[in-house]
Amino acid sequence: MTSQEAARELLREFPVVDGHNDLPWALREQVRYDLDARDIAADQSAHLHTDIPRLRAGGVGAQYWSVYVRTDSPDPVAATLEQIDCVRQLLTRHPEDLRPALTAADMEAARGQGRIASLMGAEGGHSIANSLGTLRGLYGLGVRYMTLTHNDNVDWADSATDEPKAGGLTAFGREVVREMNRLGMLVDLSHVAATTMRDALDASSAPVIFSHSSARAVCDHPRNVPDDVLERLRANGGMAMVTFVPKFVLQAAVDWTAAADDNMRAHGLHHLDTTPEAMKVHRAFEERKPRPVATVATVADHLDHMREAAGIDHVGIGGDYDGTAFTPDGLADVSGYPNLLAELLDRGWSKADLAKLTWKNAVRVLDTAEDVARGLQATRPPSNATIESLDG
């Protein structure tokens, strides 16, 4: 049996739980939620990284759909509700393939039925607009994790890619973490500053996750997880889910991206500008200096390190498909997970290790968070603290 065949056989029993997929935002941006125009029952490879045939080919058994909205959204709460509605529409349209999931038991039930368990994660604390009541509302609508920040700080937590302001978490930020624990909502530390990671681990009584982050020691990007934080996942019980974004996993891509951004600014353009003028400047730069390409082996290097630092019980996968313009060779879309597992088998990962990586760790983490929540709900009422009362 080849490594590919062994990988596919394992995925039939222990499919991938992927921690982060931005399909709802891509549907918003491309077709304003016209799901007939981007019917994921059919091949959408010309437009998207994700559709049901490729999820099936990739051995995906559970997906956290990101209900991300931009940090500069004029009404982030309403925009997040629209994203949640998009996921619900997808579930209604594709009931034979996608099963709504709120709990670890729901994930196992979906696996038994051969359907893809569909959970939701909010990406960025701006989605709650400094309101614990809104946080509870999102949980009630099915959101099972929240990333504390996105690329910009929120009033109560520092982002990895913004100038430090809070020094990690403020008092209100710690209350947000405690209320998430009480609800059973996973605290997601992707995108946050290392100071925020450490403060959240101090504050959390439940396992935390990194829904789509890689290892800082392998690729020195602030979006990645330092070793001391990876090591703390052993005691916390949480997990870090490796991401595939080339500029987070390949050091040459980090350096290239910085140079490309500098080139844009030198032409008087914002580095995220996608106007025709800006793209002309960008293409000229790429012709002079070709973009470095990450591979399946690049991602496997991160997983090797993360397993060593955190332990096999604390690693997972969060590809960030449809949330990145570029993907590694061999991991072009959601059909590529068997390639990664085949690479890990060739590196000596056992089938028991891979079962934890793909399925068991993610299910255990959510199950443990539910147990913690039941205990807290028996002793603690909902918090009605405000950011004004705690942070002044």
# chains A, B, ... in the order shown; residues from 1 in each chain; ligands from 1
call {"tool": "residues_around", "arguments": {"residues": "range 85-94 of chain A", "least_positions_apart": "5", "cutoff": "12 Å", "atoms": "only C-alpha atoms", "output": "PyMOL selection string"}}
result
chain A and resi 21-28+31-36+38-42+51-53+63-68+78-80+99-101+115-122+138+141-143
call {"tool": "select_by_dssp", "arguments": {"residues": "range 167-307 of chain A", "states": "strand (DSSP E)", "output": "number ranges by chain"}}
result
A: 186-188, 208-210, 239-242
call {"tool": "write_last_selection", "arguments": {"atoms": "N, CA, C and O atoms", "output": "mmCIF file, in the first residue's frame"}}
result
data_model
loop_
_atom_site.group_PDB
_atom_site.id
_atom_site.type_symbol
_atom_site.label_atom_id
_atom_site.label_comp_id
_atom_site.auth_asym_id
_atom_site.auth_seq_id
_atom_site.Cartn_x
_atom_site.Cartn_y
_atom_site.Cartn_z
ATOM 1 N N LEU A 186 -15.009 27.986 22.568
ATOM 2 C CA LEU A 186 -13.557 27.865 22.573
ATOM 3 C C LEU A 186 -12.890 29.223 22.380
ATOM 4 O O LEU A 186 -13.309 30.026 21.533
ATOM 5 N N VAL A 187 -11.846 29.467 23.157
ATOM 6 C CA VAL A 187 -11.032 30.676 23.031
ATOM 7 C C VAL A 187 -9.990 30.407 21.949
ATOM 8 O O VAL A 187 -9.120 29.540 22.108
ATOM 9 N N ASP A 188 -10.084 31.146 20.839
ATOM 10 C CA ASP A 188 -9.165 30.954 19.711
ATOM 11 C C ASP A 188 -8.094 32.038 19.746
ATOM 12 O O ASP A 188 -8.403 33.237 19.733
ATOM 13 N N VAL A 208 -7.798 25.994 25.118
ATOM 14 C CA VAL A 208 -7.826 27.003 24.068
ATOM 15 C C VAL A 208 -7.433 26.338 22.752
ATOM 16 O O VAL A 208 -6.925 25.216 22.729
ATOM 17 N N ILE A 209 -7.683 27.037 21.661
ATOM 18 C CA ILE A 209 -7.228 26.552 20.356
ATOM 19 C C ILE A 209 -6.509 27.671 19.615
ATOM 20 O O ILE A 209 -6.661 28.856 19.933
ATOM 21 N N PHE A 210 -5.713 27.265 18.651
ATOM 22 C CA PHE A 210 -5.249 28.139 17.573
ATOM 23 C C PHE A 210 -5.872 27.550 16.318
ATOM 24 O O PHE A 210 -5.478 26.476 15.865
ATOM 25 N N MET A 239 -5.113 22.964 21.702
ATOM 26 C CA MET A 239 -4.449 22.485 20.493
ATOM 27 C C MET A 239 -4.137 23.631 19.551
ATOM 28 O O MET A 239 -4.830 24.656 19.522
ATOM 29 N N ALA A 240 -3.058 23.443 18.775
ATOM 30 C CA ALA A 240 -2.662 24.387 17.726
ATOM 31 C C ALA A 240 -2.871 23.708 16.386
ATOM 32 O O ALA A 240 -2.350 22.614 16.138
ATOM 33 N N MET A 241 -3.632 24.342 15.502
ATOM 34 C CA MET A 241 -4.022 23.770 14.217
ATOM 35 C C MET A 241 -3.212 24.465 13.125
ATOM 36 O O MET A 241 -3.386 25.660 12.855
ATOM 37 N N VAL A 242 -2.298 23.705 12.508
ATOM 38 C CA VAL A 242 -1.350 24.262 11.547
ATOM 39 C C VAL A 242 -2.099 24.879 10.364
ATOM 40 O O VAL A 242 -3.101 24.345 9.896
#
call {"tool": "residues_around", "arguments": {"residues": "range 3-11 of chain A", "least_positions_apart": "4", "cutoff": "8 Å", "atoms": "only C-alpha atoms", "output": "list in words"}}
result
Pro15, Val16, Gly59, Val60, Pro338, Asn339, Leu341, Ala342, Glu343, Leu345, Asp346, Lys351, Ala355 and Thr358 of chain A
call {"tool": "closest_residue", "arguments": {"among": "A:Arg291, A:Arg12, A:Thr379, A:Asn384", "to": "Gly112 in chain A", "atoms": "only C-alpha atoms"}}
result
A:Arg12
call {"tool": "closest_residue", "arguments": {"among": "A:Glu29, A:Glu179, A:Asp152, A:Glu96", "to": "Gly133 in chain A", "atoms": "only C-alpha atoms"}}
result
A:Glu179
call {"tool": "decode", "arguments": {"residues": "range 98-200 of chain A", "atoms": "C-alpha atoms", "output": "CSV table (one decimal), in the first residue's frame"}}
result
chain,number,residue,atom,x,y,z
A,98,LEU,CA,-23.4,18.9,5.6
A,99,ARG,CA,-24.7,18.3,9.2
A,100,PRO,CA,-25.2,21.2,11.7
A,101,ALA,CA,-23.0,20.5,14.7
A,102,LEU,CA,-22.9,22.3,18.1
A,103,THR,CA,-21.2,19.7,20.3
A,104,ALA,CA,-18.6,17.0,20.2
A,105,ALA,CA,-21.4,14.4,20.2
A,106,ASP,CA,-22.8,16.1,17.1
A,107,MET,CA,-19.4,15.7,15.4
A,108,GLU,CA,-19.3,12.0,16.1
A,109,ALA,CA,-22.9,11.6,15.0
A,110,ALA,CA,-22.1,13.3,11.6
A,111,ARG,CA,-19.1,11.0,11.2
A,112,GLY,CA,-21.3,8.0,11.8
A,113,GLN,CA,-23.7,9.3,9.1
A,114,GLY,CA,-20.9,10.0,6.6
A,115,ARG,CA,-21.8,13.7,6.6
A,116,ILE,CA,-19.5,16.7,7.2
A,117,ALA,CA,-20.1,18.2,10.7
A,118,SER,CA,-20.5,21.9,10.2
A,119,LEU,CA,-19.5,24.3,13.1
A,120,MET,CA,-18.9,28.0,13.2
A,121,GLY,CA,-16.2,30.2,14.5
A,122,ALA,CA,-16.2,34.0,14.7
A,123,GLU,CA,-12.9,35.6,13.7
A,124,GLY,CA,-12.2,38.7,15.7
A,125,GLY,CA,-13.5,40.1,19.0
A,126,HIS,CA,-14.8,43.1,17.1
A,127,SER,CA,-17.8,40.9,16.2
A,128,ILE,CA,-19.2,41.3,19.7
A,129,ALA,CA,-18.8,45.1,19.9
A,130,ASN,CA,-17.5,45.0,23.5
A,131,SER,CA,-20.7,43.3,24.7
A,132,LEU,CA,-20.9,40.1,26.7
A,133,GLY,CA,-24.6,39.9,25.8
A,134,THR,CA,-23.7,39.9,22.1
A,135,LEU,CA,-21.1,37.2,22.8
A,136,ARG,CA,-23.9,35.0,24.4
A,137,GLY,CA,-26.1,35.8,21.4
A,138,LEU,CA,-23.5,34.5,19.0
A,139,TYR,CA,-23.1,31.3,21.1
A,140,GLY,CA,-26.9,30.9,21.0
A,141,LEU,CA,-26.8,31.1,17.2
A,142,GLY,CA,-24.2,28.3,17.0
A,143,VAL,CA,-20.8,30.0,17.1
A,144,ARG,CA,-18.4,27.6,19.0
A,145,TYR,CA,-15.2,29.6,18.9
A,146,MET,CA,-14.2,33.2,18.8
A,147,THR,CA,-10.7,34.4,17.7
A,148,LEU,CA,-10.0,37.2,20.2
A,149,THR,CA,-8.7,39.6,17.5
A,150,HIS,CA,-8.1,39.7,13.8
A,151,ASN,CA,-5.4,41.7,12.2
A,152,ASP,CA,-6.1,44.8,14.4
A,153,ASN,CA,-6.4,45.3,18.1
A,154,VAL,CA,-9.7,45.4,19.8
A,155,ASP,CA,-10.3,47.6,22.8
A,156,TRP,CA,-9.5,44.7,25.2
A,157,ALA,CA,-6.9,42.6,23.4
A,158,ASP,CA,-3.7,43.1,21.3
A,159,SER,CA,-3.4,41.6,17.9
A,160,ALA,CA,-0.2,40.0,16.5
A,161,THR,CA,-0.1,42.5,13.6
A,162,ASP,CA,-0.9,45.8,15.3
A,163,GLU,CA,1.0,48.1,17.6
A,164,PRO,CA,0.6,46.9,21.2
A,165,LYS,CA,-1.9,48.9,23.2
A,166,ALA,CA,-3.4,46.7,26.0
A,167,GLY,CA,-0.2,44.8,26.7
A,168,GLY,CA,-2.1,41.5,26.2
A,169,LEU,CA,-5.6,41.3,27.7
A,170,THR,CA,-7.3,44.1,29.7
A,171,ALA,CA,-9.5,43.3,32.7
A,172,PHE,CA,-12.5,43.2,30.3
A,173,GLY,CA,-10.6,40.9,28.0
A,174,ARG,CA,-10.0,38.4,30.8
A,175,GLU,CA,-13.8,38.6,31.6
A,176,VAL,CA,-14.5,37.8,27.9
A,177,VAL,CA,-12.3,34.7,28.2
A,178,ARG,CA,-14.1,33.7,31.5
A,179,GLU,CA,-17.5,34.1,29.9
A,180,MET,CA,-16.5,32.1,26.9
A,181,ASN,CA,-15.4,29.3,29.3
A,182,ARG,CA,-18.8,29.5,31.0
A,183,LEU,CA,-20.6,29.2,27.7
A,184,GLY,CA,-18.5,26.4,26.3
A,185,MET,CA,-17.2,28.6,23.5
A,186,LEU,CA,-13.6,27.9,22.6
A,187,VAL,CA,-11.0,30.7,23.0
A,188,ASP,CA,-9.2,31.0,19.7
A,189,LEU,CA,-5.7,32.5,19.9
A,190,SER,CA,-4.8,32.7,16.2
A,191,HIS,CA,-4.1,36.3,15.2
A,192,VAL,CA,-3.4,37.5,18.7
A,193,ALA,CA,-0.2,38.9,20.1
A,194,ALA,CA,2.0,36.5,22.1
A,195,THR,CA,1.2,38.6,25.2
A,196,THR,CA,-2.5,38.0,24.6
A,197,MET,CA,-1.8,34.3,24.2
A,198,ARG,CA,-0.1,34.1,27.5
A,199,ASP,CA,-2.7,36.2,29.3
A,200,ALA,CA,-5.5,34.1,27.8
